[in-house]
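J.: Below is target09.pdb; it holds PDB, C-alpha atoms.
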```pdb
ATOM      1  CA  MET A   1     -17.110  35.568   7.896
ATOM      2  CA  HIS A   2     -16.260  32.304   9.584
ATOM      3  CA  ARG A   3     -12.931  32.051  11.390
ATOM      4  CA  TYR A   4     -11.701  29.363   8.927
ATOM      5  CA  ALA A   5     -12.850  31.117   5.769
ATOM      6  CA  ASN A   6      -9.343  31.974   4.495
ATOM      7  CA  VAL A   7      -7.560  28.728   5.397
ATOM      8  CA  GLY A   8      -8.330  27.067   2.057
ATOM      9  CA  GLN A   9      -6.468  29.906   0.344
ATOM     10  CA  THR A  10      -3.217  28.962   2.107
ATOM     11  CA  ASN A  11      -3.549  25.300   1.122
ATOM     12  CA  PRO A  12      -5.694  25.002  -2.018
ATOM     13  CA  SER A  13      -5.869  21.208  -1.780
ATOM     14  CA  LEU A  14      -7.975  21.484   1.391
ATOM     15  CA  VAL A  15     -11.531  22.604   1.963
ATOM     16  CA  PHE A  16     -13.164  23.188   5.334
ATOM     17  CA  LEU A  17     -16.622  21.703   5.776
ATOM     18  CA  PRO A  18     -18.881  21.341   8.768
ATOM     19  CA  SER A  19     -18.326  18.197  10.761
ATOM     20  CA  PRO A  20     -21.046  15.635   9.877
ATOM     21  CA  VAL A  21     -22.207  15.470  13.503
ATOM     22  CA  SER A  22     -21.683  19.129  14.338
ATOM     23  CA  ASP A  23     -25.259  20.353  13.984
ATOM     24  CA  GLY A  24     -26.677  18.058  16.655
ATOM     25  CA  GLY A  25     -29.037  16.389  14.187
ATOM     26  CA  ARG A  26     -30.843  19.624  13.277
ATOM     27  CA  GLY A  27     -30.494  18.963   9.559
ATOM     28  CA  GLY A  28     -27.966  21.718   8.925
ATOM     29  CA  ALA A  29     -29.480  24.383  11.155
ATOM     30  CA  GLY A  30     -26.979  26.478  13.059
ATOM     31  CA  LEU A  31     -23.919  25.524  11.005
ATOM     32  CA  GLU A  32     -22.537  29.044  11.247
ATOM     33  CA  ASN A  33     -21.159  28.166  14.714
ATOM     34  CA  ALA A  34     -20.424  24.494  14.029
ATOM     35  CA  PRO A  35     -16.918  23.099  14.397
ATOM     36  CA  PHE A  36     -15.311  22.665  11.009
ATOM     37  CA  ARG A  37     -13.046  19.847   9.958
ATOM     38  CA  CYS A  38     -10.455  19.881   7.258
ATOM     39  CA  TYR A  39     -11.155  17.594   4.296
ATOM     40  CA  PRO A  40      -9.223  17.252   1.040
ATOM     41  CA  ARG A  41     -10.809  18.715  -2.056
ATOM     42  CA  PRO A  42     -12.882  15.846  -3.434
ATOM     43  CA  VAL A  43     -11.545  15.839  -7.003
ATOM     44  CA  LEU A  44      -7.857  15.930  -6.038
ATOM     45  CA  TYR A  45      -8.322  13.309  -3.363
ATOM     46  CA  GLN A  46     -10.195  10.969  -5.719
ATOM     47  CA  TRP A  47      -7.377  11.140  -8.296
ATOM     48  CA  ILE A  48      -4.774  10.417  -5.639
ATOM     49  CA  LYS A  49      -6.820   7.490  -4.336
ATOM     50  CA  ALA A  50      -7.210   6.108  -7.871
ATOM     51  CA  ALA A  51      -3.451   6.323  -8.439
ATOM     52  CA  HIS A  52      -2.901   4.668  -5.048
ATOM     53  CA  LEU A  53      -5.165   1.725  -5.902
ATOM     54  CA  ILE A  54      -3.695   1.271  -9.386
ATOM     55  CA  SER A  55      -0.153   1.245  -8.034
ATOM     56  CA  LEU A  56      -1.154  -1.076  -5.171
ATOM     57  CA  ILE A  57      -2.652  -3.575  -7.616
ATOM     58  CA  SER A  58       0.529  -3.449  -9.705
ATOM     59  CA  TRP A  59       2.719  -3.866  -6.615
ATOM     60  CA  MET A  60       0.726  -6.858  -5.388
ATOM     61  CA  ALA A  61       0.710  -8.491  -8.836
ATOM     62  CA  GLY A  62       4.463  -8.015  -9.150
ATOM     63  CA  THR A  63       5.160  -9.301  -5.644
ATOM     64  CA  LEU A  64       2.960 -12.377  -5.973
ATOM     65  CA  TYR A  65       4.360 -13.279  -9.388
ATOM     66  CA  LEU A  66       7.940 -12.720  -8.219
ATOM     67  CA  LEU A  67       7.502 -15.082  -5.294
ATOM     68  CA  ARG A  68       5.923 -17.645  -7.629
ATOM     69  CA  LEU A  69       8.960 -17.357  -9.936
ATOM     70  CA  PHE A  70      11.143 -18.079  -6.887
ATOM     71  CA  VAL A  71       9.239 -21.364  -6.426
ATOM     72  CA  TYR A  72      10.066 -22.374  -9.993
ATOM     73  CA  HIS A  73      13.655 -21.145  -9.651
ATOM     74  CA  ALA A  74      14.235 -23.214  -6.493
ATOM     75  CA  MET A  75      12.815 -26.331  -8.211
ATOM     76  CA  GLU A  76      14.727 -25.927 -11.489
ATOM     77  CA  THR A  77      17.841 -28.016 -12.228
ATOM     78  CA  GLU A  78      18.839 -26.795 -15.703
ATOM     79  CA  GLN A  79      21.147 -23.769 -15.712
ATOM     80  CA  VAL A  80      19.717 -22.268 -18.922
ATOM     81  CA  VAL A  81      16.237 -22.204 -17.370
ATOM     82  CA  ARG A  82      17.619 -20.751 -14.119
ATOM     83  CA  ASP A  83      19.265 -17.971 -16.123
ATOM     84  CA  ARG A  84      15.978 -17.228 -17.895
ATOM     85  CA  LEU A  85      14.116 -17.168 -14.566
ATOM     86  CA  ALA A  86      16.753 -14.849 -13.055
ATOM     87  CA  LEU A  87      16.283 -12.428 -15.955
ATOM     88  CA  MET A  88      12.494 -12.519 -15.581
ATOM     89  CA  GLU A  89      12.772 -11.962 -11.825
ATOM     90  CA  ARG A  90      15.123  -9.001 -12.230
ATOM     91  CA  ARG A  91      12.937  -7.334 -14.854
ATOM     92  CA  LEU A  92       9.772  -7.945 -12.847
ATOM     93  CA  GLN A  93      11.214  -6.501  -9.671
ATOM     94  CA  ASN A  94      13.015  -3.536 -11.231
ATOM     95  CA  ALA A  95      10.455  -2.553 -13.876
ATOM     96  CA  ILE A  96       7.133  -3.310 -12.192
ATOM     97  CA  ALA A  97       7.180  -4.190  -8.489
ATOM     98  CA  THR A  98       9.620  -1.553  -7.188
ATOM     99  CA  PRO A  99       8.183   1.436  -9.126
ATOM    100  CA  ALA A 100       4.674   0.331  -8.114
ATOM    101  CA  MET A 101       5.727   0.110  -4.460
ATOM    102  CA  ILE A 102       7.235   3.601  -4.606
ATOM    103  CA  ALA A 103       4.072   4.993  -6.222
ATOM    104  CA  THR A 104       1.879   3.229  -3.642
ATOM    105  CA  LEU A 105       3.871   4.626  -0.733
ATOM    106  CA  ALA A 106       4.042   8.126  -2.244
ATOM    107  CA  THR A 107       0.318   8.361  -2.916
ATOM    108  CA  GLY A 108      -0.460   6.857   0.497
ATOM    109  CA  ILE A 109       1.704   9.464   2.210
ATOM    110  CA  TRP A 110       0.059  12.172   0.112
ATOM    111  CA  MET A 111      -3.394  11.054   1.266
ATOM    112  CA  LEU A 112      -2.216  11.059   4.890
ATOM    113  CA  VAL A 113      -0.908  14.605   4.439
ATOM    114  CA  LEU A 114      -4.340  15.621   3.171
ATOM    115  CA  VAL A 115      -6.178  13.840   5.999
ATOM    116  CA  PRO A 116      -3.769  13.637   8.963
ATOM    117  CA  LEU A 117      -6.603  12.759  11.371
ATOM    118  CA  TRP A 118      -6.463   9.192  10.050
ATOM    119  CA  LEU A 119      -3.157   8.737  11.850
ATOM    120  CA  LYS A 120      -5.119   8.790  15.112
ATOM    121  CA  GLN A 121      -7.282   5.841  14.046
ATOM    122  CA  PRO A 122      -6.387   2.314  15.268
ATOM    123  CA  TRP A 123      -7.410   0.774  11.925
ATOM    124  CA  MET A 124      -4.827   2.998  10.204
ATOM    125  CA  HIS A 125      -2.120   1.816  12.617
ATOM    126  CA  ILE A 126      -2.889  -1.805  11.712
ATOM    127  CA  LYS A 127      -2.964  -0.951   8.004
ATOM    128  CA  LEU A 128       0.386   0.863   8.150
ATOM    129  CA  THR A 129       1.939  -2.047  10.057
ATOM    130  CA  CYS A 130       0.846  -4.381   7.253
ATOM    131  CA  VAL A 131       2.164  -1.946   4.617
ATOM    132  CA  PHE A 132       5.559  -1.874   6.341
ATOM    133  CA  ALA A 133       5.515  -5.685   6.423
ATOM    134  CA  LEU A 134       4.760  -5.741   2.674
ATOM    135  CA  ALA A 135       7.654  -3.352   2.057
ATOM    136  CA  GLY A 136       9.854  -5.646   4.159
ATOM    137  CA  ILE A 137       8.861  -8.662   2.066
ATOM    138  CA  HIS A 138       9.640  -6.624  -1.042
ATOM    139  CA  GLY A 139      13.112  -5.867   0.308
ATOM    140  CA  MET A 140      13.694  -9.492   1.309
ATOM    141  CA  SER A 141      12.590 -10.564  -2.178
ATOM    142  CA  GLY A 142      15.418  -8.516  -3.653
ATOM    143  CA  GLY A 143      17.897 -10.344  -1.443
ATOM    144  CA  TRP A 144      16.384 -13.724  -2.260
ATOM    145  CA  ARG A 145      16.495 -12.919  -5.977
ATOM    146  CA  ARG A 146      20.202 -12.110  -5.851
ATOM    147  CA  ARG A 147      20.962 -15.148  -3.722
ATOM    148  CA  LEU A 148      19.044 -17.535  -5.992
ATOM    149  CA  ILE A 149      21.449 -16.642  -8.795
ATOM    150  CA  THR A 150      24.490 -17.897  -6.871
ATOM    151  CA  GLU A 151      22.810 -20.488  -4.607
ATOM    152  CA  PRO A 152      19.708 -21.852  -6.358
ATOM    153  CA  ASN A 153      18.930 -24.238  -3.497
ATOM    154  CA  PHE A 154      19.541 -22.000  -0.470
ATOM    155  CA  LYS A 155      15.805 -22.227   0.312
ATOM    156  CA  SER A 156      13.368 -24.926  -0.720
ATOM    157  CA  HIS A 157      10.503 -24.350  -3.105
ATOM    158  CA  LYS A 158       8.174 -25.054  -0.141
ATOM    159  CA  PHE A 159       9.599 -22.023   1.678
ATOM    160  CA  PHE A 160       8.781 -19.806  -1.279
ATOM    161  CA  ARG A 161       5.296 -21.348  -1.586
ATOM    162  CA  VAL A 162       4.596 -20.328   2.014
ATOM    163  CA  MET A 163       6.138 -16.882   1.511
ATOM    164  CA  ASN A 164       3.892 -16.426  -1.536
ATOM    165  CA  GLU A 165       0.871 -16.518   0.801
ATOM    166  CA  VAL A 166       2.128 -13.876   3.247
ATOM    167  CA  PRO A 167       1.517 -10.852   0.941
ATOM    168  CA  THR A 168      -1.983 -12.164   0.249
ATOM    169  CA  LEU A 169      -2.750 -12.355   3.969
ATOM    170  CA  LEU A 170      -1.369  -8.840   4.506
ATOM    171  CA  MET A 171      -3.430  -7.539   1.576
ATOM    172  CA  VAL A 172      -6.616  -9.050   3.039
ATOM    173  CA  ILE A 173      -5.941  -7.345   6.379
ATOM    174  CA  ILE A 174      -5.227  -4.017   4.646
ATOM    175  CA  VAL A 175      -8.452  -4.161   2.620
ATOM    176  CA  ILE A 176     -10.521  -5.000   5.705
ATOM    177  CA  MET A 177      -8.913  -2.160   7.670
ATOM    178  CA  VAL A 178      -9.619   0.397   4.918
ATOM    179  CA  ILE A 179     -13.116  -0.717   3.904
ATOM    180  CA  VAL A 180     -14.634  -1.950   7.188
ATOM    181  CA  ARG A 181     -12.531   0.282   9.488
ATOM    182  CA  PRO A 182     -12.894  -1.800  12.619
ATOM    183  CA  PHE A 183     -11.806  -0.133  15.850
ATOM    184  CA  ALA A 184     -12.600   3.280  14.334
ATOM    185  CA  LYS A 185     -12.834   6.148  16.787
ATOM    186  CA  PRO A 186     -15.594   8.735  16.288
TER     187      PRO A 186
END
```
Could you render the structure as structure tokens?

T.:
Amino acid sequence: MHRYANVGQTNPSLVFLPSPVSDGGRGGAGLENAPFRCYPRPVLYQWIKAAHLISLISWMAGTLYLLRLFVYHAMETEQVVRDRLALMERRLQNAIATPAMIATLATGIWMLVLVPLWLKQPWMHIKLTCVFALAGIHGMSGGWRRRLITEPNFKSHKFFRVMNEVPTLLMVIIVIMVIVRPFAKP
């Protein structure tokens, strides 16, 4: 029996498989002494990743639309329209963007718990930095939303147009880091 044979019993979400490069290119020969790495069970991990992507898409949609509503809010002069925009912004942030952000962060943390080796990868450091920046923009959006109610012109619509592009840029960096994985260590 291999020395790691019982580890999956203590954590059923993990399975231990031979490292892809552990057999020295012998096509699987000699795996009984190969170093084993911990990988999440494929089915569980795939469901978590699917939930992560769905919540990320919802978070990005909510964030981009919220910042676009801020552009319209900063340009608007009629109070009845401002009130309608404030209601839309509050509902969008509280019912869609914030729950989606929480789900994205929770499923992302769950995946990192299943594969903690990713935390040693430079591409993951860049990705997490961008995720924290997105969360910061989300938090600032809540402050801007509340301030637009009392001071509709505290920032120009041009400011919000520029801020609307920042989450897109961060999303592009995140996708490149996860798919291409530049700077990956073996």

J.: Would you mind telling me which residue in A:Ile149, A:Ala100, A:Met75, A:Val172 lies nearest to Ile54 in chain A when using all atoms listed in the file?

T.: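 Between A:Ile149, A:Ala100, A:Met75, A:Val172, the residue approaching Ile54 in chain A most closely is A:Ala100.
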
J.: Given only C-alpha atoms as the basis, pick out the residue of A:Leu128, A:Leu85, A:Ala50, A:Ile174 nearest to Tyr65 in chain A.

T.: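 That would be A:Leu85, the residue with the smallest distance to Tyr65 in chain A.
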
J.: For the structure provided, state which residues fall under the PyMOL selection byres ((chain A and resi 163-169) around 8), and present them as a ChimeraX atom specification.

T.: /A:60,63-64,67-68,134,137,159-162,170-173

J.: Can you tell me which residues surround Ile126 in chain A at a distance of at most 12 Å, considering only C-alpha atoms, apart from same-chain residues fewer than 2 positions away, and format the answer as a PyMOL selection string?

T.: chain A and resi 118-124+128-133+170-178+181-184

J.: If you apply the PyMOL selection byres ((chain A and resi 83) around 12) to this file, what residues do you get, as a ChimeraX atom specification?

T.: /A:72-73,76-82,84-90,145-146,148-150,152

J.: Anything within 7 Å of (6.8, -1.1, -0.6): list those residues as a PyMOL selection string, counting only C-alpha atoms and sticking to the file's coordinates.

T.: chain A and resi 101-102+105+134-135+138

J.: Which residue, A:Gly139, A:Pro116, A:His52, A:Trp144, has the smallest gap to Thr104 in chain A when you use only C-alpha atoms?

T.: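 Among A:Gly139, A:Pro116, A:His52, A:Trp144, it is A:His52 that comes nearest to Thr104 in chain A.
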
J.: When distances are computed from all atoms listed in the file, which of A:Gly108, A:Gly136, A:Gly62, A:Pro186 shows the smallest separation from Ile96 in chain A?

T.: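 Closest candidate: A:Gly62.
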
J.: Using all atoms listed in the file, find the one residue out of A:Lys155, A:Gly143, A:Ser58, A:Trp47 that sits nearest to Pro99 in chain A.

T.: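 For Pro99 in chain A, the nearest of the given residues is A:Ser58.
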
J.: What separation in Å, quoted to one decimal, exists between CA of Phe154 in chain A and CA of Leu92 in chain A?

T.: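 Interatomic distance here is 21.1 Å.
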
J.: Quick one, how far is CA of Met140 in chain A from CA of Ala74 in chain A?

T.: 15.8 Å

J.: When you draw a straight line from CA of Leu44 in chain A to CA of Asn94 in chain A, how long is it in Å?

T.: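 Straight-line distance from CA of Leu44 in chain A to CA of Asn94 in chain A works out to 29.0 Å.
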
J.: For Ile48 in chain A, find every residue with an atom within 12 Å (counting all atoms listed in the file), except residues of its own chain fewer than 4 positions away, and show them as a PyMOL selection string.

T.: chain A and resi 13+40-44+52-55+103-114

J.: A:Ala61, A:Lys127, A:Glu151, A:Lys49: which is nearest Gln93 in chain A, counting only C-alpha atoms?

T.: A:Ala61
